[in-house]
file entry-v4.txt (compact mmCIF, C-alpha atoms and all ligand atoms)
# COMPACT_ATOMS: atom_id res chain seq x y z
CA MET A 1 71.42 14.60 -76.82
CA ALA A 2 70.28 17.21 -74.34
CA LEU A 3 67.61 19.63 -75.52
CA GLU A 4 68.52 23.33 -75.29
CA SER A 5 65.66 23.84 -72.86
CA GLU A 6 66.97 20.92 -70.80
CA LYS A 7 70.15 22.85 -70.05
CA ARG A 8 68.20 26.00 -69.29
CA ILE A 9 65.71 24.27 -67.04
CA ASP A 10 68.48 22.50 -65.21
CA LEU A 11 69.63 25.99 -64.35
CA ALA A 12 66.06 26.87 -63.42
CA LEU A 13 65.95 23.90 -61.06
CA ARG A 14 68.96 25.35 -59.28
CA GLU A 15 67.12 28.66 -58.88
CA PRO A 16 65.77 29.50 -55.44
CA THR A 17 62.65 27.38 -54.91
CA ARG A 18 59.48 28.93 -56.25
CA ALA A 19 56.21 28.83 -54.38
CA PRO A 20 54.10 25.73 -55.00
CA LEU A 21 50.88 26.12 -56.94
CA VAL A 22 48.08 26.20 -54.38
CA ASP A 23 44.55 27.31 -55.28
CA THR A 24 42.12 29.42 -53.25
CA PHE A 25 40.54 26.25 -51.80
CA GLY A 26 43.91 25.15 -50.44
CA ARG A 27 44.39 22.39 -53.03
CA ALA A 28 48.01 22.00 -54.14
CA VAL A 29 48.54 21.18 -57.81
CA SER A 30 50.86 18.18 -57.82
CA TYR A 31 49.64 16.39 -60.94
CA LEU A 32 49.91 17.68 -64.51
CA ARG A 33 48.43 16.02 -67.57
CA VAL A 34 49.73 17.21 -70.90
CA SER A 35 48.11 16.42 -74.21
CA VAL A 36 51.05 16.29 -76.62
CA THR A 37 48.90 15.99 -79.76
CA ASP A 38 45.23 16.25 -80.63
CA ARG A 39 45.68 13.58 -83.34
CA CYS A 40 44.96 9.92 -82.98
CA ASP A 41 45.05 6.71 -85.00
CA PHE A 42 41.63 5.69 -83.58
CA ARG A 43 38.26 7.43 -83.67
CA CYS A 44 36.55 6.05 -80.54
CA VAL A 45 32.81 6.66 -80.76
CA TYR A 46 32.57 8.35 -77.34
CA CYS A 47 35.65 10.53 -77.86
CA MET A 48 35.74 11.80 -81.43
CA ALA A 49 33.52 12.29 -84.44
CA GLU A 50 34.38 10.14 -87.46
CA HIS A 51 35.66 13.14 -89.40
CA MET A 52 37.74 15.40 -87.23
CA THR A 53 39.60 18.56 -88.13
CA PHE A 54 42.93 18.64 -86.37
CA LEU A 55 45.07 21.63 -85.51
CA PRO A 56 47.60 22.95 -88.01
CA LYS A 57 51.13 21.90 -86.93
CA PRO A 58 52.44 25.46 -86.22
CA GLU A 59 49.78 25.84 -83.55
CA LEU A 60 51.35 23.00 -81.57
CA LEU A 61 54.01 23.53 -78.98
CA THR A 62 57.32 22.08 -80.13
CA LEU A 63 58.85 19.27 -78.09
CA GLU A 64 61.29 21.81 -76.68
CA GLU A 65 58.45 24.08 -75.60
CA LEU A 66 56.61 21.13 -74.05
CA ASP A 67 59.73 20.22 -72.12
CA ARG A 68 60.16 23.78 -70.90
CA LEU A 69 56.54 24.01 -69.88
CA CYS A 70 56.49 20.69 -68.01
CA SER A 71 59.75 21.62 -66.30
CA ALA A 72 58.27 24.92 -65.10
CA PHE A 73 55.46 22.95 -63.48
CA VAL A 74 58.00 20.63 -61.86
CA VAL A 75 59.73 23.68 -60.41
CA ARG A 76 56.33 24.66 -58.95
CA GLY A 77 55.79 21.36 -57.19
CA VAL A 78 54.28 19.00 -59.75
CA LYS A 79 55.30 15.46 -58.75
CA LYS A 80 53.35 13.42 -61.26
CA LEU A 81 53.37 14.05 -64.98
CA ARG A 82 51.16 12.20 -67.45
CA LEU A 83 51.55 12.59 -71.20
CA THR A 84 48.33 11.97 -73.08
CA GLY A 85 46.49 13.11 -76.17
CA GLY A 86 45.00 12.36 -78.69
CA GLU A 87 47.33 9.43 -78.89
CA PRO A 88 50.67 10.51 -77.37
CA LEU A 89 52.65 7.79 -79.14
CA VAL A 90 51.68 9.07 -82.61
CA ARG A 91 53.43 12.40 -82.01
CA ARG A 92 56.63 12.35 -84.04
CA ASP A 93 59.76 11.95 -81.90
CA VAL A 94 57.76 11.90 -78.68
CA MET A 95 60.42 9.66 -77.12
CA THR A 96 62.81 12.65 -77.20
CA LEU A 97 60.42 14.37 -74.82
CA PHE A 98 60.15 11.35 -72.51
CA ARG A 99 63.92 11.07 -72.51
CA SER A 100 64.49 14.71 -71.63
CA LEU A 101 61.77 14.75 -68.96
CA SER A 102 63.24 11.68 -67.32
CA ARG A 103 66.04 13.87 -65.92
CA HIS A 104 63.50 15.18 -63.40
CA LEU A 105 63.02 11.61 -62.20
CA ASP A 106 66.77 11.24 -61.90
CA SER A 107 67.01 14.45 -59.87
CA GLY A 108 64.13 13.38 -57.61
CA ALA A 109 62.10 16.51 -58.43
CA LEU A 110 59.49 14.38 -60.19
CA GLU A 111 58.08 11.19 -58.64
CA GLU A 112 56.30 9.74 -61.63
CA LEU A 113 56.42 10.09 -65.41
CA THR A 114 53.66 8.19 -67.14
CA LEU A 115 51.27 8.11 -70.07
CA THR A 116 47.77 7.20 -71.15
CA THR A 117 47.74 5.37 -74.46
CA ASN A 118 45.41 3.41 -76.70
CA GLY A 119 48.22 0.83 -76.93
CA SER A 120 48.40 0.72 -80.74
CA GLN A 121 52.08 1.75 -80.83
CA LEU A 122 53.17 0.27 -77.51
CA ALA A 123 54.90 -2.77 -78.95
CA ARG A 124 57.33 -0.36 -80.66
CA PHE A 125 57.95 1.92 -77.70
CA ALA A 126 57.57 -0.17 -74.54
CA SER A 127 61.23 -0.86 -73.87
CA GLU A 128 62.26 2.74 -74.59
CA LEU A 129 59.58 3.98 -72.21
CA ALA A 130 60.92 1.67 -69.52
CA GLU A 131 64.43 3.03 -70.14
CA CYS A 132 63.06 6.54 -69.56
CA GLY A 133 61.87 5.56 -66.10
CA VAL A 134 58.20 5.01 -66.98
CA LYS A 135 57.04 2.42 -64.45
CA ARG A 136 53.26 2.39 -64.78
CA ILE A 137 51.00 3.25 -67.70
CA ASN A 138 47.29 3.37 -68.44
CA VAL A 139 46.08 1.54 -71.52
CA SER A 140 42.54 2.21 -72.70
CA LEU A 141 40.67 -0.94 -73.63
CA ASP A 142 36.89 -1.24 -73.59
CA THR A 143 36.34 -4.72 -75.03
CA LEU A 144 38.19 -7.96 -75.82
CA ASP A 145 35.94 -8.74 -78.77
CA PRO A 146 37.88 -7.88 -81.97
CA ALA A 147 34.78 -6.91 -83.99
CA LYS A 148 33.36 -4.80 -81.21
CA PHE A 149 36.77 -3.23 -80.66
CA ARG A 150 36.84 -2.22 -84.31
CA ALA A 151 33.31 -0.82 -84.07
CA LEU A 152 34.02 1.18 -80.89
CA THR A 153 37.36 2.57 -82.04
CA ARG A 154 36.24 2.76 -85.70
CA TRP A 155 39.86 2.22 -86.86
CA GLY A 156 41.56 0.11 -84.17
CA ASP A 157 43.10 -3.37 -84.35
CA LEU A 158 42.70 -5.28 -81.07
CA GLY A 159 45.64 -7.59 -81.86
CA LYS A 160 48.06 -4.65 -81.93
CA VAL A 161 46.83 -3.37 -78.59
CA LEU A 162 47.17 -6.80 -76.98
CA ALA A 163 50.69 -7.11 -78.39
CA GLY A 164 51.42 -3.66 -76.95
CA ILE A 165 50.24 -4.72 -73.50
CA ASP A 166 52.41 -7.86 -73.72
CA ALA A 167 55.42 -5.73 -74.67
CA ALA A 168 54.85 -3.29 -71.83
CA GLN A 169 54.56 -6.07 -69.26
CA ALA A 170 57.63 -7.79 -70.69
CA ALA A 171 59.53 -4.51 -70.28
CA GLY A 172 58.58 -4.47 -66.60
CA ILE A 173 55.98 -1.68 -66.90
CA LYS A 174 52.89 -2.05 -64.75
CA VAL A 175 49.76 -1.70 -66.88
CA LYS A 176 46.38 -0.46 -65.69
CA LEU A 177 43.40 -0.80 -68.01
CA ASN A 178 40.94 2.06 -68.45
CA ALA A 179 37.53 1.08 -69.78
CA VAL A 180 34.66 3.47 -70.47
CA ALA A 181 31.38 1.85 -69.40
CA LEU A 182 29.04 2.09 -72.37
CA ARG A 183 25.36 1.24 -72.20
CA GLY A 184 24.56 -1.60 -74.55
CA ASP A 185 28.08 -1.70 -76.04
CA ASN A 186 30.35 -3.28 -73.44
CA GLU A 187 28.21 -3.51 -70.30
CA ASP A 188 27.87 -7.30 -70.52
CA GLU A 189 31.59 -7.71 -71.00
CA ILE A 190 32.73 -5.75 -67.98
CA PRO A 191 33.08 -8.77 -65.65
CA GLY A 192 35.00 -10.71 -68.33
CA LEU A 193 37.34 -7.77 -68.94
CA ILE A 194 38.01 -7.48 -65.20
CA GLU A 195 38.69 -11.21 -64.84
CA TRP A 196 41.04 -11.16 -67.81
CA ALA A 197 42.96 -8.13 -66.52
CA HIS A 198 43.23 -9.38 -62.95
CA GLY A 199 44.41 -12.73 -64.28
CA ARG A 200 47.32 -10.86 -65.88
CA GLY A 201 48.13 -8.77 -62.83
CA MET A 202 46.56 -5.57 -64.16
CA ASP A 203 44.25 -3.22 -62.25
CA VAL A 204 41.21 -1.90 -64.08
CA SER A 205 39.47 1.47 -63.84
CA LEU A 206 35.97 1.95 -65.16
CA ILE A 207 35.04 5.43 -66.38
CA GLU A 208 31.68 7.12 -66.82
CA VAL A 209 31.26 8.69 -70.22
CA MET A 210 31.49 12.48 -70.05
CA PRO A 211 29.58 14.95 -72.23
CA LEU A 212 32.62 16.43 -73.98
CA GLY A 213 32.42 17.48 -77.63
CA GLU A 214 30.07 16.49 -80.44
CA THR A 215 30.77 12.91 -81.50
CA GLY A 216 27.69 12.32 -83.63
CA ALA A 217 26.30 9.96 -80.95
CA GLU A 218 23.61 10.56 -78.36
CA ARG A 219 25.30 10.70 -74.94
CA LEU A 220 22.24 9.46 -73.10
CA ASP A 221 22.36 6.24 -75.16
CA GLN A 222 26.01 5.73 -74.17
CA TYR A 223 25.82 6.70 -70.52
CA LEU A 224 25.90 3.87 -68.00
CA PRO A 225 26.15 5.06 -64.37
CA LEU A 226 28.85 3.18 -62.49
CA SER A 227 26.52 2.91 -59.50
CA THR A 228 24.55 0.44 -61.68
CA VAL A 229 27.71 -1.42 -62.73
CA ARG A 230 28.88 -1.70 -59.14
CA ALA A 231 25.52 -3.03 -57.97
CA ARG A 232 25.65 -5.71 -60.67
CA LEU A 233 29.24 -6.66 -59.83
CA GLU A 234 28.28 -6.97 -56.17
CA GLN A 235 25.77 -9.66 -57.08
CA ARG A 236 28.62 -11.69 -58.57
CA TRP A 237 31.64 -10.89 -56.40
CA SER A 238 32.64 -9.53 -52.96
CA LEU A 239 33.85 -5.95 -53.36
CA SER A 240 35.62 -4.18 -50.48
CA ASP A 241 36.42 -0.47 -50.49
CA ILE A 242 40.14 0.13 -50.04
CA ASP A 243 42.30 3.22 -49.45
CA TYR A 244 44.58 2.54 -52.42
CA ARG A 245 45.16 5.76 -54.46
CA THR A 246 47.25 6.51 -57.52
CA GLY A 247 46.99 10.29 -57.38
CA GLY A 248 44.03 10.35 -59.79
CA PRO A 249 40.27 10.48 -59.25
CA ALA A 250 39.61 6.70 -59.10
CA ARG A 251 38.19 5.18 -55.92
CA TYR A 252 39.23 1.55 -55.58
CA VAL A 253 37.77 -1.70 -54.36
CA SER A 254 39.41 -5.08 -54.12
CA ILE A 255 37.58 -8.11 -55.47
CA ALA A 256 38.00 -11.19 -53.31
CA GLU A 257 37.33 -13.72 -56.08
CA THR A 258 39.70 -12.27 -58.69
CA GLY A 259 42.30 -11.01 -56.23
CA GLY A 260 42.63 -7.70 -58.11
CA ARG A 261 41.78 -4.02 -57.77
CA LEU A 262 38.99 -2.18 -59.55
CA GLY A 263 38.74 1.62 -59.74
CA PHE A 264 35.63 3.69 -60.34
CA ILE A 265 35.98 7.08 -62.02
CA THR A 266 32.61 8.69 -61.54
CA PRO A 267 32.53 12.30 -62.76
CA LEU A 268 28.75 12.07 -63.19
CA THR A 269 27.40 10.08 -60.24
CA HIS A 270 29.93 11.28 -57.67
CA ASN A 271 32.57 13.85 -58.41
CA PHE A 272 35.65 14.13 -56.24
CA CYS A 273 36.44 17.75 -57.03
CA GLU A 274 37.10 18.64 -53.40
CA GLY A 275 40.35 16.67 -53.51
CA CYS A 276 41.39 17.70 -57.03
CA ASN A 277 45.16 18.04 -57.38
CA ARG A 278 45.25 18.19 -61.20
CA VAL A 279 45.48 20.62 -64.08
CA ARG A 280 45.70 19.95 -67.81
CA VAL A 281 47.60 21.53 -70.67
CA THR A 282 46.68 21.05 -74.32
CA CYS A 283 49.17 20.61 -77.16
CA THR A 284 48.81 24.32 -77.97
CA GLY A 285 49.78 25.30 -74.44
CA THR A 286 46.30 26.10 -73.15
CA LEU A 287 46.01 25.42 -69.44
CA TYR A 288 42.66 24.14 -68.20
CA MET A 289 42.36 24.37 -64.46
CA CYS A 290 39.36 21.98 -64.56
CA LEU A 291 38.47 19.28 -67.10
CA GLY A 292 34.82 20.29 -66.87
CA GLN A 293 35.01 24.07 -67.21
CA GLU A 294 35.79 26.47 -70.07
CA ASP A 295 38.09 28.85 -68.18
CA ALA A 296 41.65 28.53 -69.45
CA ALA A 297 44.98 30.35 -69.58
CA ASP A 298 47.28 30.68 -72.56
CA LEU A 299 50.79 29.50 -71.67
CA ARG A 300 52.10 29.54 -75.23
CA ALA A 301 52.27 33.34 -75.44
CA PRO A 302 54.48 33.77 -72.34
CA LEU A 303 56.58 30.77 -73.42
CA ARG A 304 57.22 32.29 -76.83
CA ALA A 305 57.51 35.88 -75.66
CA SER A 306 60.70 35.43 -73.71
CA GLU A 307 63.57 33.09 -73.04
CA SER A 308 63.01 33.65 -69.35
CA ASP A 309 60.23 31.79 -67.51
CA GLU A 310 59.23 34.82 -65.39
CA ALA A 311 56.16 35.67 -67.48
CA LEU A 312 55.15 32.00 -67.58
CA HIS A 313 55.27 31.71 -63.80
CA ALA A 314 53.20 34.90 -63.45
CA VAL A 315 50.50 33.43 -65.73
CA LEU A 316 50.58 30.19 -63.71
CA ASP A 317 50.04 32.09 -60.45
CA ASP A 318 47.11 33.96 -61.91
CA ALA A 319 45.55 30.83 -63.44
CA ILE A 320 45.80 28.66 -60.33
CA PHE A 321 44.15 31.45 -58.36
CA ARG A 322 41.14 30.94 -60.70
CA LYS A 323 40.98 27.13 -60.40
CA PRO A 324 37.24 26.49 -59.90
CA LYS A 325 35.73 24.50 -57.09
CA GLY A 326 34.49 21.79 -59.44
CA HIS A 327 32.59 20.78 -62.53
CA ASP A 328 28.92 20.05 -63.06
CA PHE A 329 28.46 17.47 -65.80
CA VAL A 330 24.90 16.31 -66.47
CA ILE A 331 23.59 13.67 -68.85
CA ASP A 332 19.85 13.58 -68.23
CA ARG A 333 17.87 13.92 -71.44
CA PRO A 334 18.15 13.17 -75.15
CA GLY A 335 19.55 15.98 -77.26
CA ARG A 336 21.20 17.87 -74.35
CA PRO A 337 24.18 19.66 -75.93
CA PRO A 338 27.65 18.66 -74.66
CA ALA A 339 28.70 20.35 -71.42
CA LEU A 340 31.75 21.60 -73.33
CA ARG A 341 32.43 21.92 -77.03
CA ARG A 342 35.95 20.56 -76.79
CA HIS A 343 36.54 16.84 -77.20
CA MET A 344 38.26 14.67 -74.60
CA SER A 345 41.16 14.32 -77.06
CA VAL A 346 41.94 18.05 -76.61
CA THR A 347 42.62 17.85 -72.89
CA GLY A 348 43.39 14.13 -72.70
CA GLY A 349 42.59 11.64 -69.94
N1 LIG B 401 44.45 8.07 -76.80
C1 LIG B 401 44.77 7.75 -75.48
C2 LIG B 401 43.84 6.70 -74.91
O1 LIG B 401 42.81 6.45 -75.52
O2 LIG B 401 44.17 6.16 -73.87
C3 LIG B 401 44.85 8.94 -74.54
C4 LIG B 401 43.79 9.99 -74.68
S1 LIG B 401 42.12 9.48 -74.32
C5 LIG B 401 41.26 10.99 -74.60
C6 LIG B 401 42.19 9.28 -72.58
C7 LIG B 401 41.06 8.53 -71.93
O3 LIG B 401 39.86 9.28 -72.07
C8 LIG B 401 40.77 7.16 -72.52
O4 LIG B 401 40.78 6.20 -71.48
C9 LIG B 401 39.40 7.29 -73.10
O5 LIG B 401 38.70 6.10 -73.00
C10 LIG B 401 38.79 8.38 -72.26
N2 LIG B 401 37.71 9.13 -72.88
C11 LIG B 401 37.66 9.67 -74.12
N3 LIG B 401 36.50 10.33 -74.32
C12 LIG B 401 35.79 10.21 -73.18
C13 LIG B 401 34.51 10.67 -72.75
N4 LIG B 401 33.73 11.41 -73.52
N5 LIG B 401 34.12 10.36 -71.49
C14 LIG B 401 34.90 9.61 -70.67
N6 LIG B 401 36.12 9.15 -71.01
C15 LIG B 401 36.56 9.44 -72.26
FE1 LIG B 402 42.00 8.32 -79.69
FE2 LIG B 402 42.08 7.87 -77.09
FE3 LIG B 402 40.12 9.37 -78.13
FE4 LIG B 402 40.15 6.79 -78.62
S1 LIG B 402 39.93 7.74 -76.60
S2 LIG B 402 39.85 8.41 -80.16
S3 LIG B 402 42.28 6.34 -78.71
S4 LIG B 402 42.24 9.87 -78.12

call {"tool": "encode", "arguments": {"input": "entry-v4.txt", "output": "structure tokens", "more": "lines below"}}
Ligand code: SAM
Ligand code: SF4
result
Amino acid sequence: MALESEKRIDLALREPTRAPLVDTFGRAVSYLRVSVTDRCDFRCVYCMAEHMTFLPKPELLTLEELDRLCSAFVVRGVKKLRLTGGEPLVRRDVMTLFRSLSRHLDSGALEELTLTTNGSQLARFASELAECGVKRINVSLDTLDPAKFRALTRWGDLGKVLAGIDAAQAAGIKVKLNAVALRGDNEDEIPGLIEWAHGRGMDVSLIEVMPLGETGAERLDQYLPLSTVRARLEQRWSLSDIDYRTGGPARYVSIAETGGRLGFITPLTHNFCEGCNRVRVTCTGTLYMCLGQEDAADLRAPLRASESDEALHAVLDDAIFRKPKGHDFVIDRPGRPPALRRHMSVTGG
């Protein structure tokens, strides 16, 4: 059944074209990541503290409001939309949102609708996601060792995630693995994880841990620069830089021996802010123009203030004008407070 906002936004899409969102550095915003919930069924040690306080439900945008907000971005030139979290697949009725947003794929206004997931619920939702036009997804997986998986995620069950990956591939969805490189925790397993993924036709992206939010762990103990990981991998395999891009920040190499692609997401050792095409919205409708800065704009107030999207578009114009040049994460000494108080689960990955 069509959402109310779906009908209204379809009208909006027939409005005269609105100006694309371009910042003062000339970067066009074509990629939106939306965290649809701050909740999660895992408590990964680098992402969350063991005991988290989550937002009261009324603070959250409804699915209708999320649809309206995403659609306003599509009108302004967003071509790639990623739903994330928290864990997006634990949000009740989230498939209603995927289904309604898929009309922008049908119309050609949107090029890609995708998600980042921990995979725990994928076995249930994979075929429905495929029906909604989701063609590629990111699944976060840091280890193939069940005991270590449980320790890193605190609550996770590796078997369920593997079943989820199977289901997604069976539904024809291309899966990319995201793995955070963690000193001492999974560093020895990285080659094995890459071999396993490439053997199943999946790309892998490695991510440097970022100093976001208090997790109860010392960041310096977790941080493993990807320059070190790459140097180690080069002793084992032949890595060649390639131009392959997926619209995100990863820089890719191909590995001759495994025949697969490996991405490096290096916010610490080498940021790629100069080419940033992304903004992020939280589940309360807060727009962050940069993952690594505090400045934000409230989109919930203009959404709720009026049935018309005029006020929303005015806030978007103002916010994109303030998109900063870049972030400046540092992990250099024990006890350094997080760069930002908010956790990664607030803005999503
Ligand atoms: N729950 C989903 C998942 O885990 O894929 C989506 C949200 S999660 C916040 C998105 C990505 O951020 C995951 O790949 C996760 O590993 C990564 N992540 C979480 N905290 C991080 C941190 N402090 N530094 C770097 N990556 C982090
Ligand atoms: Fe949950 Fe994803 Fe954060 Fe892990 S990384 S706690 S799965 S939101």

call {"tool": "residues_around", "arguments": {"input": "entry-v4.txt", "residues": "A:Ser127", "least_positions_apart": "4", "cutoff": "10 Å", "atoms": "only C-alpha atoms", "output": "MDAnalysis selection string"}}
result
chainID A and resid 122:123 131:132 134 167:173

call {"tool": "closest_residue", "arguments": {"input": "entry-v4.txt", "among": "A:His327, A:Arg39, A:Arg322, A:Arg251", "to": "A:Arg27", "atoms": "only C-alpha atoms"}}
result
A:Arg322

call {"tool": "atom_distance", "arguments": {"input": "entry-v4.txt", "atom1": "atom CA of A:Leu239", "atom2": "atom CA of A:Arg183"}}
result
21.9 Å

call {"tool": "closest_residue", "arguments": {"input": "entry-v4.txt", "among": "A:Val161, A:Ala28, A:Val253, A:Leu81", "to": "ligand LIG 402 (chain B)", "atoms": "only C-alpha atoms and all ligand atoms"}}
result
A:Val161

call {"tool": "closest_residue", "arguments": {"input": "entry-v4.txt", "among": "A:Arg261, A:Arg154, A:Val74, A:Glu189", "to": "A:Tyr244", "atoms": "all atoms listed in the file"}}
result
A:Arg261

call {"tool": "axis_aligned_box", "arguments": {"input": "entry-v4.txt", "around": "ligand LIG 401 (chain B)", "padding_each_side": "6 Å", "output": "JSON"}}
result
{"center_x": 39.3, "center_y": 8.8, "center_z": -73.7, "size_x": 23.1, "size_y": 17.3, "size_z": 18.1}

call {"tool": "atom_distance", "arguments": {"input": "entry-v4.txt", "atom1": "atom CA of A:Thr117", "atom2": "atom CA of A:Asp93"}}
result
15.6 Å

call {"tool": "residues_around", "arguments": {"input": "entry-v4.txt", "residues": "A:Asp318", "least_positions_apart": "3", "cutoff": "12 Å", "atoms": "all atoms listed in the file", "output": "PyMOL selection string"}}
result
chain A and resi 21-24+287+289+296-299+311-315+321-323

call {"tool": "atom_distance", "arguments": {"input": "entry-v4.txt", "atom1": "atom CA of A:Thr17", "atom2": "atom CA of A:Asp317"}}
result
14.6 Å

call {"tool": "closest_atom_pairs", "arguments": {"input": "entry-v4.txt", "of": "stretch 17-136 of chain A", "to": "stretch 212-236 of chain A", "cutoff": "7 Å", "atoms": "all atoms listed in the file", "output": "JSON lines"}}
result
{"residue": "A:Val45", "atom": "CA", "partner": "A:Thr215", "partner_atom": "CA", "distance": 6.6}
{"residue": "A:Tyr46", "atom": "CA", "partner": "A:Thr215", "partner_atom": "CA", "distance": 6.4}
{"residue": "A:Cys47", "atom": "CA", "partner": "A:Thr215", "partner_atom": "CA", "distance": 6.5}
{"residue": "A:Met48", "atom": "CA", "partner": "A:Thr215", "partner_atom": "CA", "distance": 5.1}
{"residue": "A:Ala49", "atom": "CA", "partner": "A:Thr215", "partner_atom": "CA", "distance": 4.1}

call {"tool": "decode", "arguments": {"input": "entry-v4.txt", "residues": "stretch 24-31 of chain A", "atoms": "all heavy atoms", "output": "JSON list (two decimals), in the first residue's frame"}}
result
[["chain", "number", "residue", "atom", "x", "y", "z"],
["A", 24, "THR", "N", 30.28, 24.63, -0.64],
["A", 24, "THR", "CA", 31.11, 25.78, -1.03],
["A", 24, "THR", "C", 32.45, 25.34, -1.63],
["A", 24, "THR", "O", 33.19, 26.15, -2.14],
["A", 24, "THR", "CB", 31.39, 26.70, 0.18],
["A", 24, "THR", "OG1", 31.93, 25.88, 1.22],
["A", 24, "THR", "CG2", 30.14, 27.39, 0.67],
["A", 25, "PHE", "N", 32.77, 24.03, -1.52],
["A", 25, "PHE", "CA", 34.00, 23.54, -2.14],
["A", 25, "PHE", "C", 33.70, 22.90, -3.50],
["A", 25, "PHE", "O", 34.55, 22.21, -4.08],
["A", 25, "PHE", "CB", 34.70, 22.53, -1.21],
["A", 25, "PHE", "CG", 35.00, 23.12, 0.15],
["A", 25, "PHE", "CD1", 34.13, 22.92, 1.21],
["A", 25, "PHE", "CD2", 36.13, 23.91, 0.34],
["A", 25, "PHE", "CE1", 34.38, 23.49, 2.45],
["A", 25, "PHE", "CE2", 36.39, 24.49, 1.58],
["A", 25, "PHE", "CZ", 35.51, 24.27, 2.64],
["A", 26, "GLY", "N", 32.46, 23.04, -3.94],
["A", 26, "GLY", "CA", 32.08, 22.52, -5.25],
["A", 26, "GLY", "C", 31.74, 21.03, -5.24],
["A", 26, "GLY", "O", 31.57, 20.43, -6.30],
["A", 27, "ARG", "N", 31.61, 20.45, -4.04],
["A", 27, "ARG", "CA", 31.31, 19.01, -3.98],
["A", 27, "ARG", "C", 29.79, 18.82, -3.98],
["A", 27, "ARG", "O", 29.08, 19.38, -3.14],
["A", 27, "ARG", "CB", 31.90, 18.39, -2.70],
["A", 27, "ARG", "CG", 33.41, 18.47, -2.64],
["A", 27, "ARG", "CD", 33.94, 18.05, -1.27],
["A", 27, "ARG", "NE", 33.42, 18.88, -0.19],
["A", 27, "ARG", "CZ", 33.85, 18.83, 1.07],
["A", 27, "ARG", "NH1", 34.78, 17.97, 1.42],
["A", 27, "ARG", "NH2", 33.32, 19.62, 1.99],
["A", 28, "ALA", "N", 29.30, 18.03, -4.94],
["A", 28, "ALA", "CA", 27.85, 17.78, -5.01],
["A", 28, "ALA", "C", 27.50, 16.61, -4.09],
["A", 28, "ALA", "O", 28.21, 15.60, -4.06],
["A", 28, "ALA", "CB", 27.47, 17.45, -6.44],
["A", 29, "VAL", "N", 26.42, 16.77, -3.35],
["A", 29, "VAL", "CA", 25.99, 15.70, -2.44],
["A", 29, "VAL", "C", 25.10, 14.74, -3.22],
["A", 29, "VAL", "O", 23.96, 15.05, -3.55],
["A", 29, "VAL", "CB", 25.24, 16.29, -1.23],
["A", 29, "VAL", "CG1", 24.65, 15.18, -0.37],
["A", 29, "VAL", "CG2", 26.18, 17.17, -0.41],
["A", 30, "SER", "N", 25.66, 13.56, -3.52],
["A", 30, "SER", "CA", 24.89, 12.59, -4.31],
["A", 30, "SER", "C", 24.62, 11.31, -3.52],
["A", 30, "SER", "O", 24.02, 10.37, -4.04],
["A", 30, "SER", "CB", 25.67, 12.25, -5.58],
["A", 30, "SER", "OG", 26.97, 11.80, -5.24],
["A", 31, "TYR", "N", 25.09, 11.27, -2.29],
["A", 31, "TYR", "CA", 25.04, 10.02, -1.51],
["A", 31, "TYR", "C", 24.54, 10.37, -0.10],
["A", 31, "TYR", "O", 25.14, 11.18, 0.59],
["A", 31, "TYR", "CB", 26.45, 9.44, -1.48],
["A", 31, "TYR", "CG", 26.63, 8.08, -0.82],
["A", 31, "TYR", "CD1", 27.88, 7.48, -0.83],
["A", 31, "TYR", "CD2", 25.60, 7.40, -0.20],
["A", 31, "TYR", "CE1", 28.10, 6.24, -0.26],
["A", 31, "TYR", "CE2", 25.81, 6.16, 0.37],
["A", 31, "TYR", "CZ", 27.06, 5.59, 0.36],
["A", 31, "TYR", "OH", 27.27, 4.37, 0.94]]
